[in-house]
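Below is start_9.txt, holding compact mmCIF, C-alpha atoms.
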# COMPACT_ATOMS: atom_id res chain seq x y z
CA MET A 193 -38.74 -34.88 63.56
CA PRO A 194 -36.42 -33.32 60.96
CA GLY A 195 -38.25 -32.20 57.85
CA ALA A 196 -41.72 -32.92 59.23
CA VAL A 197 -44.19 -30.29 60.43
CA ARG A 198 -47.07 -31.20 62.73
CA VAL A 199 -50.42 -30.46 61.14
CA PRO A 200 -53.66 -30.15 63.14
CA SER A 201 -55.76 -33.26 62.75
CA ALA A 202 -59.38 -34.09 63.46
CA GLY A 203 -58.43 -37.63 64.45
CA SER A 204 -56.62 -38.93 67.50
CA ALA A 205 -53.24 -39.42 65.85
CA MET A 206 -51.01 -36.52 64.89
CA LEU A 207 -50.91 -35.72 61.18
CA HIS A 208 -47.41 -34.84 59.96
CA GLU A 209 -46.45 -32.92 56.86
CA ILE A 210 -43.35 -33.74 54.82
CA ALA A 211 -42.28 -30.56 53.01
CA PRO A 212 -41.82 -30.67 49.22
CA ARG A 213 -38.53 -32.36 48.15
CA SER A 214 -37.73 -33.61 51.67
CA GLY A 215 -37.92 -36.82 53.66
CA VAL A 216 -38.24 -38.21 57.16
CA ALA A 217 -37.58 -41.39 59.13
CA PHE A 218 -39.46 -42.72 62.16
CA THR A 219 -40.20 -45.96 63.97
CA MET A 220 -43.38 -48.04 64.05
CA GLU A 221 -44.46 -50.82 66.38
CA LYS A 222 -45.88 -54.11 65.15
CA GLY A 223 -49.62 -53.68 64.59
CA GLN A 224 -49.50 -49.91 64.03
CA ARG A 225 -50.83 -48.45 60.80
CA LEU A 226 -49.13 -45.90 58.58
CA THR A 227 -51.48 -43.67 56.58
CA VAL A 228 -49.86 -41.79 53.68
CA ILE A 229 -52.02 -39.01 52.25
CA ASP A 230 -51.58 -37.00 49.06
CA PRO A 231 -52.95 -33.63 50.25
CA MET A 232 -52.97 -31.85 46.87
CA GLY A 233 -53.07 -34.72 44.38
CA GLU A 234 -50.51 -36.06 41.87
CA GLN A 235 -47.66 -36.37 44.37
CA VAL A 236 -45.41 -39.37 45.09
CA ALA A 237 -43.98 -40.63 48.41
CA ASP A 238 -41.05 -43.08 48.37
CA LEU A 239 -41.47 -45.58 51.20
CA LEU A 240 -38.78 -47.77 52.78
CA ALA A 241 -39.22 -50.18 55.69
CA PHE A 242 -36.37 -51.80 57.64
CA SER A 243 -36.70 -54.31 60.47
CA ARG A 244 -35.79 -52.70 63.80
CA ALA A 245 -34.49 -56.06 65.07
CA ASP A 246 -31.85 -56.09 62.32
CA THR A 247 -31.69 -53.19 59.87
CA ARG A 248 -30.03 -55.40 57.25
CA GLU A 249 -33.56 -56.75 56.67
CA VAL A 250 -35.44 -54.42 54.32
CA ILE A 251 -38.34 -54.49 51.89
CA SER A 252 -37.53 -56.30 48.65
CA SER A 253 -39.22 -55.55 45.35
CA GLY A 254 -37.79 -58.72 43.84
CA ARG A 255 -39.20 -61.00 46.54
CA SER A 256 -42.58 -59.23 46.61
CA LEU A 257 -43.13 -59.24 42.83
CA ASP A 258 -42.04 -62.87 42.65
CA TYR A 259 -44.41 -64.08 45.37
CA LEU A 260 -47.32 -61.95 44.13
CA SER A 261 -46.72 -62.57 40.38
CA ARG A 262 -47.67 -58.93 39.82
CA ILE A 263 -45.83 -55.60 39.54
CA PHE A 264 -48.75 -53.47 40.82
CA LEU A 265 -49.60 -53.89 44.52
CA THR A 266 -52.79 -52.95 46.39
CA VAL A 267 -55.02 -54.30 49.22
CA PRO A 268 -54.31 -56.87 50.74
CA ASP A 269 -50.81 -57.34 49.31
CA PRO A 270 -47.80 -57.77 51.62
CA LEU A 271 -44.39 -56.11 51.24
CA TYR A 272 -41.87 -58.92 51.67
CA SER A 273 -38.33 -58.41 52.93
CA ASN A 274 -35.04 -59.65 51.48
CA ARG A 275 -35.41 -62.49 54.01
CA SER A 276 -38.91 -63.34 52.72
CA ASN A 277 -40.71 -62.08 55.82
CA VAL A 278 -43.75 -59.83 55.52
CA LEU A 279 -42.77 -56.39 56.89
CA MET A 280 -45.95 -54.48 55.99
CA ARG A 281 -49.34 -55.18 54.47
CA ILE A 282 -51.55 -52.81 52.46
CA VAL A 283 -54.90 -52.59 54.28
CA GLU A 284 -56.51 -49.58 52.55
CA ASP A 285 -55.81 -47.95 49.20
CA THR A 286 -57.96 -45.31 47.46
CA VAL A 287 -55.66 -45.11 44.39
CA GLY A 288 -54.56 -48.61 43.40
CA ARG A 289 -51.50 -47.58 41.42
CA HIS A 290 -48.04 -47.49 42.96
CA ASP A 291 -44.59 -48.37 41.66
CA PHE A 292 -42.22 -51.07 42.94
CA LEU A 293 -39.67 -51.07 40.10
CA LEU A 294 -37.56 -47.93 40.55
CA THR A 295 -34.99 -46.72 43.07
CA PRO A 296 -35.45 -43.32 44.75
CA CYS A 297 -34.46 -40.36 42.57
CA SER A 298 -30.99 -39.05 43.40
CA ALA A 299 -28.43 -36.47 42.34
CA ASP A 300 -27.36 -39.03 39.73
CA THR A 301 -30.93 -39.38 38.50
CA PHE A 302 -31.18 -35.65 37.92
CA ARG A 303 -27.77 -35.62 36.27
CA ILE A 304 -28.42 -38.65 34.01
CA ILE A 305 -32.12 -38.22 33.17
CA TYR A 306 -32.64 -34.45 33.49
CA GLY A 307 -29.12 -33.21 32.66
CA ASP A 308 -28.95 -31.00 35.78
CA GLU A 309 -25.49 -29.57 36.43
CA THR A 310 -26.09 -28.82 40.13
CA PRO A 311 -28.60 -31.55 40.96
CA HIS A 312 -30.82 -31.81 44.05
CA ARG A 313 -29.98 -34.75 46.35
CA GLY A 314 -33.39 -36.23 45.58
CA CYS A 315 -35.40 -38.76 47.55
CA PHE A 316 -32.30 -40.93 47.79
CA GLY A 317 -30.30 -38.17 49.49
CA ASN A 318 -33.25 -37.27 51.70
CA LEU A 319 -33.73 -40.89 52.75
CA ALA A 320 -30.00 -41.41 53.34
CA ALA A 321 -29.89 -38.35 55.63
CA ALA A 322 -33.06 -39.32 57.51
CA LEU A 323 -31.91 -42.94 57.99
CA GLU A 324 -28.34 -42.11 59.03
CA PRO A 325 -29.26 -41.64 62.74
CA TYR A 326 -30.60 -45.22 62.68
CA GLY A 327 -27.24 -46.55 61.46
CA ILE A 328 -28.53 -47.39 57.98
CA GLU A 329 -25.98 -46.62 55.28
CA PRO A 330 -26.96 -45.29 51.82
CA ASP A 331 -25.84 -48.48 50.04
CA ARG A 332 -28.57 -50.36 51.97
CA ILE A 333 -31.33 -48.36 50.25
CA PRO A 334 -33.07 -50.69 47.78
CA VAL A 335 -35.90 -50.20 45.30
CA ALA A 336 -38.51 -48.23 47.28
CA PHE A 337 -42.24 -48.83 47.37
CA ASN A 338 -43.15 -45.66 45.51
CA VAL A 339 -46.57 -44.70 46.84
CA PHE A 340 -48.88 -43.10 44.22
CA MET A 341 -46.13 -43.32 41.55
CA ASN A 342 -47.62 -44.21 38.17
CA VAL A 343 -45.23 -46.29 36.07
CA PRO A 344 -47.03 -48.31 33.40
CA VAL A 345 -45.05 -50.91 31.45
CA ASP A 346 -45.57 -51.84 27.80
CA GLY A 347 -45.79 -55.61 27.97
CA THR A 348 -44.50 -56.07 24.41
CA THR A 349 -41.51 -53.73 24.28
CA GLY A 350 -40.83 -53.54 28.02
CA GLU A 351 -40.83 -49.75 27.80
CA LEU A 352 -41.81 -47.98 31.02
CA LYS A 353 -43.14 -44.46 31.43
CA VAL A 354 -43.31 -42.21 34.48
CA LEU A 355 -46.77 -40.64 34.19
CA PRO A 356 -48.65 -38.27 36.54
CA PRO A 357 -49.97 -40.10 39.62
CA LEU A 358 -53.62 -41.14 39.58
CA SER A 359 -54.03 -39.75 43.11
CA LYS A 360 -56.38 -36.83 43.75
CA ALA A 361 -56.31 -34.49 46.76
CA GLY A 362 -57.03 -36.50 49.91
CA ASP A 363 -56.29 -39.91 48.45
CA ARG A 364 -54.52 -42.30 50.79
CA ILE A 365 -52.91 -45.67 51.33
CA VAL A 366 -52.73 -47.42 54.71
CA LEU A 367 -50.08 -50.04 55.54
CA GLU A 368 -49.97 -52.14 58.69
CA ALA A 369 -46.62 -53.04 60.29
CA GLU A 370 -46.19 -56.79 60.75
CA THR A 371 -43.07 -56.29 62.89
CA ASP A 372 -41.26 -53.36 64.56
CA LEU A 373 -39.98 -51.11 61.78
CA ILE A 374 -37.87 -48.11 60.85
CA ILE A 375 -39.66 -46.21 58.09
CA GLY A 376 -38.19 -43.81 55.53
CA LEU A 377 -40.72 -41.62 53.70
CA THR A 378 -40.42 -38.72 51.27
CA ALA A 379 -42.32 -36.06 49.39
CA CYS A 380 -40.82 -36.87 46.02
CA SER A 381 -38.22 -34.56 44.46
CA ALA A 382 -38.53 -35.53 40.78
CA LEU A 383 -40.63 -33.33 38.49
CA GLN A 384 -41.48 -36.27 36.22
CA SER A 385 -43.04 -38.25 39.08
CA ASN A 386 -45.53 -35.62 40.23
CA ASN A 387 -46.64 -33.94 36.99
CA GLY A 388 -44.23 -31.05 37.23
CA SER A 389 -44.76 -29.42 40.63
CA PHE A 390 -43.26 -30.13 44.05
CA LYS A 391 -45.84 -30.79 46.74
CA PRO A 392 -45.95 -32.00 50.35
CA ILE A 393 -47.03 -35.40 51.65
CA HIS A 394 -49.01 -36.00 54.84
CA TYR A 395 -48.76 -39.07 57.05
CA ARG A 396 -50.04 -40.41 60.33
CA VAL A 397 -49.17 -43.40 62.51
CA ASP A 398 -51.83 -44.93 64.71
CA MET B 217 -13.65 -73.23 41.60
CA PRO B 218 -16.45 -74.77 43.68
CA GLY B 219 -19.34 -76.03 41.60
CA ALA B 220 -17.64 -75.37 38.26
CA VAL B 221 -16.15 -78.05 35.99
CA ARG B 222 -13.65 -77.16 33.29
CA VAL B 223 -14.93 -78.05 29.85
CA PRO B 224 -12.64 -78.37 26.79
CA SER B 225 -12.97 -75.34 24.57
CA ALA B 226 -11.98 -74.58 21.00
CA GLY B 227 -11.19 -70.97 21.93
CA SER B 228 -8.32 -69.58 23.92
CA ALA B 229 -10.25 -69.05 27.13
CA MET B 230 -11.31 -71.91 29.35
CA LEU B 231 -14.99 -72.82 29.18
CA HIS B 232 -16.46 -73.62 32.60
CA GLU B 233 -19.56 -75.62 33.39
CA ILE B 234 -21.88 -74.77 36.27
CA ALA B 235 -23.66 -77.98 37.30
CA PRO B 236 -27.48 -77.97 37.46
CA ARG B 237 -28.85 -76.23 40.59
CA SER B 238 -25.46 -74.84 41.62
CA GLY B 239 -23.55 -71.57 41.48
CA VAL B 240 -20.08 -70.07 41.39
CA ALA B 241 -18.27 -66.80 42.09
CA PHE B 242 -15.15 -65.44 40.43
CA THR B 243 -13.38 -62.16 39.72
CA MET B 244 -13.11 -60.19 36.49
CA GLU B 245 -10.78 -57.34 35.51
CA LYS B 246 -12.01 -54.16 33.88
CA GLY B 247 -12.25 -54.72 30.11
CA GLN B 248 -12.70 -58.50 30.33
CA ARG B 249 -15.76 -60.11 28.80
CA LEU B 250 -18.04 -62.68 30.40
CA THR B 251 -19.77 -65.04 27.98
CA VAL B 252 -22.73 -66.97 29.43
CA ILE B 253 -23.90 -69.86 27.26
CA ASP B 254 -27.05 -71.96 27.51
CA PRO B 255 -25.65 -75.33 26.34
CA MET B 256 -28.96 -77.22 26.12
CA GLY B 257 -31.53 -74.43 25.74
CA GLU B 258 -34.26 -73.10 28.04
CA GLN B 259 -32.02 -72.62 31.07
CA VAL B 260 -31.57 -69.53 33.26
CA ALA B 261 -28.42 -68.12 34.92
CA ASP B 262 -28.77 -65.60 37.74
CA LEU B 263 -25.99 -63.03 37.45
CA LEU B 264 -24.70 -60.68 40.19
CA ALA B 265 -21.83 -58.20 39.90
CA PHE B 266 -20.17 -56.43 42.84
CA SER B 267 -17.41 -53.82 42.65
CA ARG B 268 -14.10 -55.28 43.88
CA ALA B 269 -13.06 -51.85 45.16
CA ASP B 270 -16.01 -51.83 47.57
CA THR B 271 -18.37 -54.79 47.62
CA ARG B 272 -21.18 -52.62 49.00
CA GLU B 273 -21.53 -51.42 45.39
CA VAL B 274 -23.64 -53.88 43.41
CA ILE B 275 -25.85 -53.98 40.32
CA SER B 276 -29.19 -52.26 40.82
CA SER B 277 -32.32 -53.16 38.89
CA GLY B 278 -34.03 -50.00 40.12
CA ARG B 279 -31.29 -47.69 38.83
CA SER B 280 -30.91 -49.55 35.53
CA LEU B 281 -34.62 -49.70 34.68
CA ASP B 282 -35.01 -46.03 35.64
CA TYR B 283 -32.15 -44.80 33.44
CA LEU B 284 -33.09 -47.07 30.53
CA SER B 285 -36.89 -46.54 30.80
CA ARG B 286 -37.25 -50.23 29.93
CA ILE B 287 -37.58 -53.51 31.84
CA PHE B 288 -35.99 -55.69 29.10
CA LEU B 289 -32.25 -55.19 28.55
CA THR B 290 -30.10 -56.16 25.57
CA VAL B 291 -27.15 -54.78 23.50
CA PRO B 292 -25.78 -52.13 24.25
CA ASP B 293 -27.48 -51.60 27.61
CA PRO B 294 -25.45 -51.00 30.78
CA LEU B 295 -26.04 -52.57 34.19
CA TYR B 296 -25.91 -49.68 36.64
CA SER B 297 -24.93 -50.04 40.30
CA ASN B 298 -26.68 -48.75 43.42
CA ARG B 299 -24.19 -45.82 43.14
CA SER B 300 -25.25 -45.14 39.52
CA ASN B 301 -21.97 -46.34 38.03
CA VAL B 302 -21.94 -48.71 35.05
CA LEU B 303 -20.55 -52.06 36.25
CA MET B 304 -21.14 -54.10 33.07
CA ARG B 305 -22.41 -53.55 29.55
CA ILE B 306 -24.15 -56.05 27.27
CA VAL B 307 -22.07 -56.32 24.09
CA GLU B 308 -23.56 -59.42 22.45
CA ASP B 309 -26.92 -61.16 22.93
CA THR B 310 -28.41 -63.90 20.74
CA VAL B 311 -31.62 -64.15 22.80
CA GLY B 312 -32.80 -60.63 23.71
CA ARG B 313 -34.99 -61.63 26.63
CA HIS B 314 -33.74 -61.57 30.20
CA ASP B 315 -35.33 -60.63 33.50
CA PHE B 316 -34.32 -57.84 35.88
CA LEU B 317 -37.36 -57.84 38.20
CA LEU B 318 -37.00 -60.89 40.44
CA THR B 319 -34.64 -61.93 43.23
CA PRO B 320 -32.83 -65.29 43.03
CA CYS B 321 -34.99 -68.29 43.94
CA SER B 322 -34.41 -69.44 47.50
CA ALA B 323 -35.58 -71.98 50.06
CA ASP B 324 -38.35 -69.49 50.84
CA THR B 325 -39.31 -69.29 47.16
CA PHE B 326 -39.75 -73.05 47.00
CA ARG B 327 -41.68 -73.03 50.29
CA ILE B 328 -43.96 -70.09 49.35
CA ILE B 329 -44.49 -70.66 45.61
CA TYR B 330 -44.01 -74.42 45.23
CA GLY B 331 -45.07 -75.57 48.71
CA ASP B 332 -41.90 -77.67 49.20
CA GLU B 333 -41.51 -78.96 52.75
CA THR B 334 -37.75 -79.59 52.48
CA PRO B 335 -36.79 -76.96 49.95
CA HIS B 336 -33.55 -76.67 47.98
CA ARG B 337 -31.42 -73.62 48.89
CA GLY B 338 -31.95 -72.29 45.38
CA CYS B 339 -29.90 -69.75 43.45
CA PHE B 340 -29.97 -67.49 46.50
CA GLY B 341 -28.35 -70.12 48.71
CA ASN B 342 -25.88 -71.04 45.97
CA LEU B 343 -24.91 -67.40 45.45
CA ALA B 344 -24.64 -66.75 49.20
CA ALA B 345 -22.28 -69.74 49.59
CA ALA B 346 -20.18 -68.79 46.55
CA LEU B 347 -19.89 -65.12 47.60
CA GLU B 348 -19.12 -65.81 51.26
CA PRO B 349 -15.35 -66.17 50.65
CA TYR B 350 -15.42 -62.64 49.20
CA GLY B 351 -16.93 -61.25 52.40
CA ILE B 352 -20.32 -60.57 50.83
CA GLU B 353 -23.19 -61.34 53.19
CA PRO B 354 -26.52 -62.82 51.97
CA ASP B 355 -28.48 -59.66 52.85
CA ARG B 356 -26.41 -57.81 50.22
CA ILE B 357 -27.84 -59.96 47.40
CA PRO B 358 -30.23 -57.76 45.37
CA VAL B 359 -32.45 -58.43 42.37
CA ALA B 360 -30.22 -60.42 40.01
CA PHE B 361 -29.85 -59.90 36.28
CA ASN B 362 -31.52 -63.17 35.33
CA VAL B 363 -29.91 -64.19 32.07
CA PHE B 364 -32.28 -65.95 29.62
CA MET B 365 -35.17 -65.73 32.14
CA ASN B 366 -38.44 -64.99 30.35
CA VAL B 367 -40.79 -62.92 32.52
CA PRO B 368 -43.38 -61.07 30.43
CA VAL B 369 -45.55 -58.46 32.15
CA ASP B 370 -49.18 -57.67 31.32
CA GLY B 371 -49.11 -53.89 30.97
CA THR B 372 -52.76 -53.51 31.96
CA THR B 373 -53.06 -55.77 35.01
CA GLY B 374 -49.38 -55.81 35.99
CA GLU B 375 -49.49 -59.61 36.11
CA LEU B 376 -46.15 -61.29 35.45
CA LYS B 377 -45.52 -64.86 34.29
CA VAL B 378 -42.41 -66.99 34.43
CA LEU B 379 -42.37 -68.67 31.02
CA PRO B 380 -39.80 -71.01 29.41
CA PRO B 381 -36.69 -69.13 28.26
CA LEU B 382 -36.47 -68.20 24.59
CA SER B 383 -32.86 -69.48 24.52
CA LYS B 384 -31.95 -72.45 22.32
CA ALA B 385 -28.90 -74.68 22.70
CA GLY B 386 -25.76 -72.60 22.15
CA ASP B 387 -27.38 -69.21 22.68
CA ARG B 388 -25.25 -66.69 24.56
CA ILE B 389 -24.94 -63.27 26.08
CA VAL B 390 -21.65 -61.40 26.45
CA LEU B 391 -21.12 -58.68 29.06
CA GLU B 392 -18.04 -56.47 29.36
CA ALA B 393 -16.76 -55.41 32.79
CA GLU B 394 -16.45 -51.63 33.13
CA THR B 395 -14.56 -51.96 36.42
CA ASP B 396 -12.95 -54.78 38.46
CA LEU B 397 -15.74 -57.07 39.59
CA ILE B 398 -16.75 -60.04 41.71
CA ILE B 399 -19.29 -62.09 39.79
CA GLY B 400 -21.88 -64.52 41.13
CA LEU B 401 -23.44 -66.85 38.54
CA THR B 402 -25.80 -69.84 38.75
CA ALA B 403 -27.44 -72.60 36.79
CA CYS B 404 -30.95 -71.86 38.00
CA SER B 405 -32.63 -74.13 40.54
CA ALA B 406 -36.31 -73.29 39.91
CA LEU B 407 -38.36 -75.62 37.72
CA GLN B 408 -40.64 -72.80 36.59
CA SER B 409 -37.72 -70.77 35.20
CA ASN B 410 -36.30 -73.43 32.89
CA ASN B 411 -39.39 -75.26 31.59
CA GLY B 412 -39.25 -78.07 34.11
CA SER B 413 -35.77 -79.58 33.90
CA PHE B 414 -32.51 -78.74 35.64
CA LYS B 415 -29.63 -78.07 33.26
CA PRO B 416 -26.07 -76.74 33.38
CA ILE B 417 -24.78 -73.33 32.30
CA HIS B 418 -21.47 -72.69 30.55
CA TYR B 419 -19.37 -69.54 30.89
CA ARG B 420 -16.06 -68.13 29.80
CA VAL B 421 -14.05 -65.04 30.75
CA ASP B 422 -11.68 -63.52 28.21

Show me, as structure tokens, the structure contained in the file I just sent.
Amino acid sequence: MPGAVRVPSAGSAMLHEIAPRSGVAFTMEKGQRLTVIDPMGEQVADLLAFSRADTREVISSGRSLDYLSRIFLTVPDPLYSNRSNVLMRIVEDTVGRHDFLLTPCSADTFRIIYGDETPHRGCFGNLAAALEPYGIEPDRIPVAFNVFMNVPVDGTTGELKVLPPLSKAGDRIVLEAETDLIIGLTACSALQSNNGSFKPIHYRVD
Amino acid sequence: MPGAVRVPSAGSAMLHEIAPRSGVAFTMEKGQRLTVIDPMGEQVADLLAFSRADTREVISSGRSLDYLSRIFLTVPDPLYSNRSNVLMRIVEDTVGRHDFLLTPCSADTFRIIYGDETPHRGCFGNLAAALEPYGIEPDRIPVAFNVFMNVPVDGTTGELKVLPPLSKAGDRIVLEAETDLIIGLTACSALQSNNGSFKPIHYRVD
């Protein structure tokens, strides 16, 4: 799997490592569970889920926030698709703070927000490359479910801040697939999202 | 133009009326201005903008909120696309409260949130029908810029509420096109969004 290194695991399912500032894509069957682990703490993983039956169906922040009447998701919240189907459901969560407002960081993000002249391709570029073999074009990448990302909103002014994640080493979230899926997943590339240092992400499917 | 009625106007540009619970699509040239008016007060208009050069490029809530670090947009904020280009810019705004979190209401919205057994097709269905002649498929409809929609967020719990719009009769927002666009625009179909009564929306392009 490009960008992923197999890591020895005590459990039955293989634990994979996503290297800092990289991303992977893989498939899941209905009923399987994806465990995303922050091995060092304060790291973010951008998560996308597309329906394998028709990759034009993808998770939708706008549908999910509308149906849940909440911007912060945790157990047992579903991730709805743009067709209002439940693609995944959060079944375990040791952190309780994730973001569902922002698109994956990209070369443009680093250019616009950080002023980088030779910007990294970011989670967006990593996801686009990882999803390309599945026939998913970059323009189909929506707002991601940004695991462990800590983006509080000031209810009065509407101002949002990207703060260090609340996750500590070993914290995890587990999502169950409600249909066959193609998953995109990253170890986030933006300094602001992970308190200033690039770290790996671990994951497991079982 | 399907769903739009021409309304006499004192100005040079034609004022159009979008009937309650309907929607329209039309083109704009770079530099033109779209004025959206709430003729009776407390009504919402879902706005979409696609690039005419390539309709896979569309406004992106996730990019816009990220670059602006704010969930509430007003003058002189830009609406960024999924490719991080500015498609429109807000140049006048007599209300100052719009939503950029939620997808257009749909038959599924009315089924899931309102429990309707024979639901209306909603703004989503109206936009899909209006955009079909431009070759834009329903799955390409993202989070809309929901003009006049009042969705405050509790910064602590993340809870969001759909409250009556702050717009009064005659209030308006004006957006300038920064490139050639295809616009989708509705008079919103959800009771919750417009304080319980279905009303028209007026607009003008000049």

If we count all atoms listed in the file and set the cut-off at 9 Å, which residues sit around range 223-235 of chain A, ignoring sequence neighbours fewer than 6 positions away in its own chain? Please answer as a ChimeraX atom specification.
/A:283-284,339-341,356-372,379-380,385-387,389-398

Pick out the chain A residues within 6 Å of chain B. Count all atoms listed in the file. Give them as an MDAnalysis selection string.
chainID A and resid 254:255 258 261:264 293:295 335 345:347 350:352

Best match for closeness to Pro335 in chain B among B:Asp293, B:Asn362, B:Ala406, B:His314, counting only C-alpha atoms:
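The answer is B:Ala406, which sits nearest to Pro335 in chain B.
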
Which polymer residues, whether protein, DNA or RNA, lie within 8 Å of the coordinate (-37.7, -52.1, 55.7) when you count only C-alpha atoms? List them as number ranges by chain, using the chain letters and numbers from the file.
A: 240-243, 247, 249-251, 273, 279, 373-375

Please measure the separation of CA of Ala344 in chain B and CA of Arg237 in chain B, giving the value in Å to one decimal.
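Computed distance, CA of Ala344 in chain B to CA of Arg237 in chain B, equals 13.5 Å.
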
Residues near Pro294 in chain B, anyone? I mean within 7 Å using all atoms listed in the file, not counting same-chain ones fewer than 4 positions away, as a list in words.
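Result of the neighbour search: Val302, Met304, Arg305 and Ile306 of chain B.
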
Surrounding residues of Leu377 in chain A excluding itself and chain neighbours under 6 positions, 6 Å, all atoms listed in the file, as a PyMOL selection string
chain A and resi 215-216+238-239

Using all atoms listed in the file: which of B:Thr290, B:Leu295, B:Arg327, B:Ile352 has the shortest distance to Asp309 in chain B:
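Ranked by minimum distance to Asp309 in chain B, first place goes to B:Thr290.
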
Two-atom distance - CA of Gly331 in chain B, CA of Asn366 in chain B (Å):
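Spanning CA of Gly331 in chain B to CA of Asn366 in chain B is a straight-line distance of 22.2 Å.
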
For a test of reading the model, state the distance in Å between CA of Glu309 in chain A and CA of Pro292 in chain B, rounded to one decimal.
25.6 Å
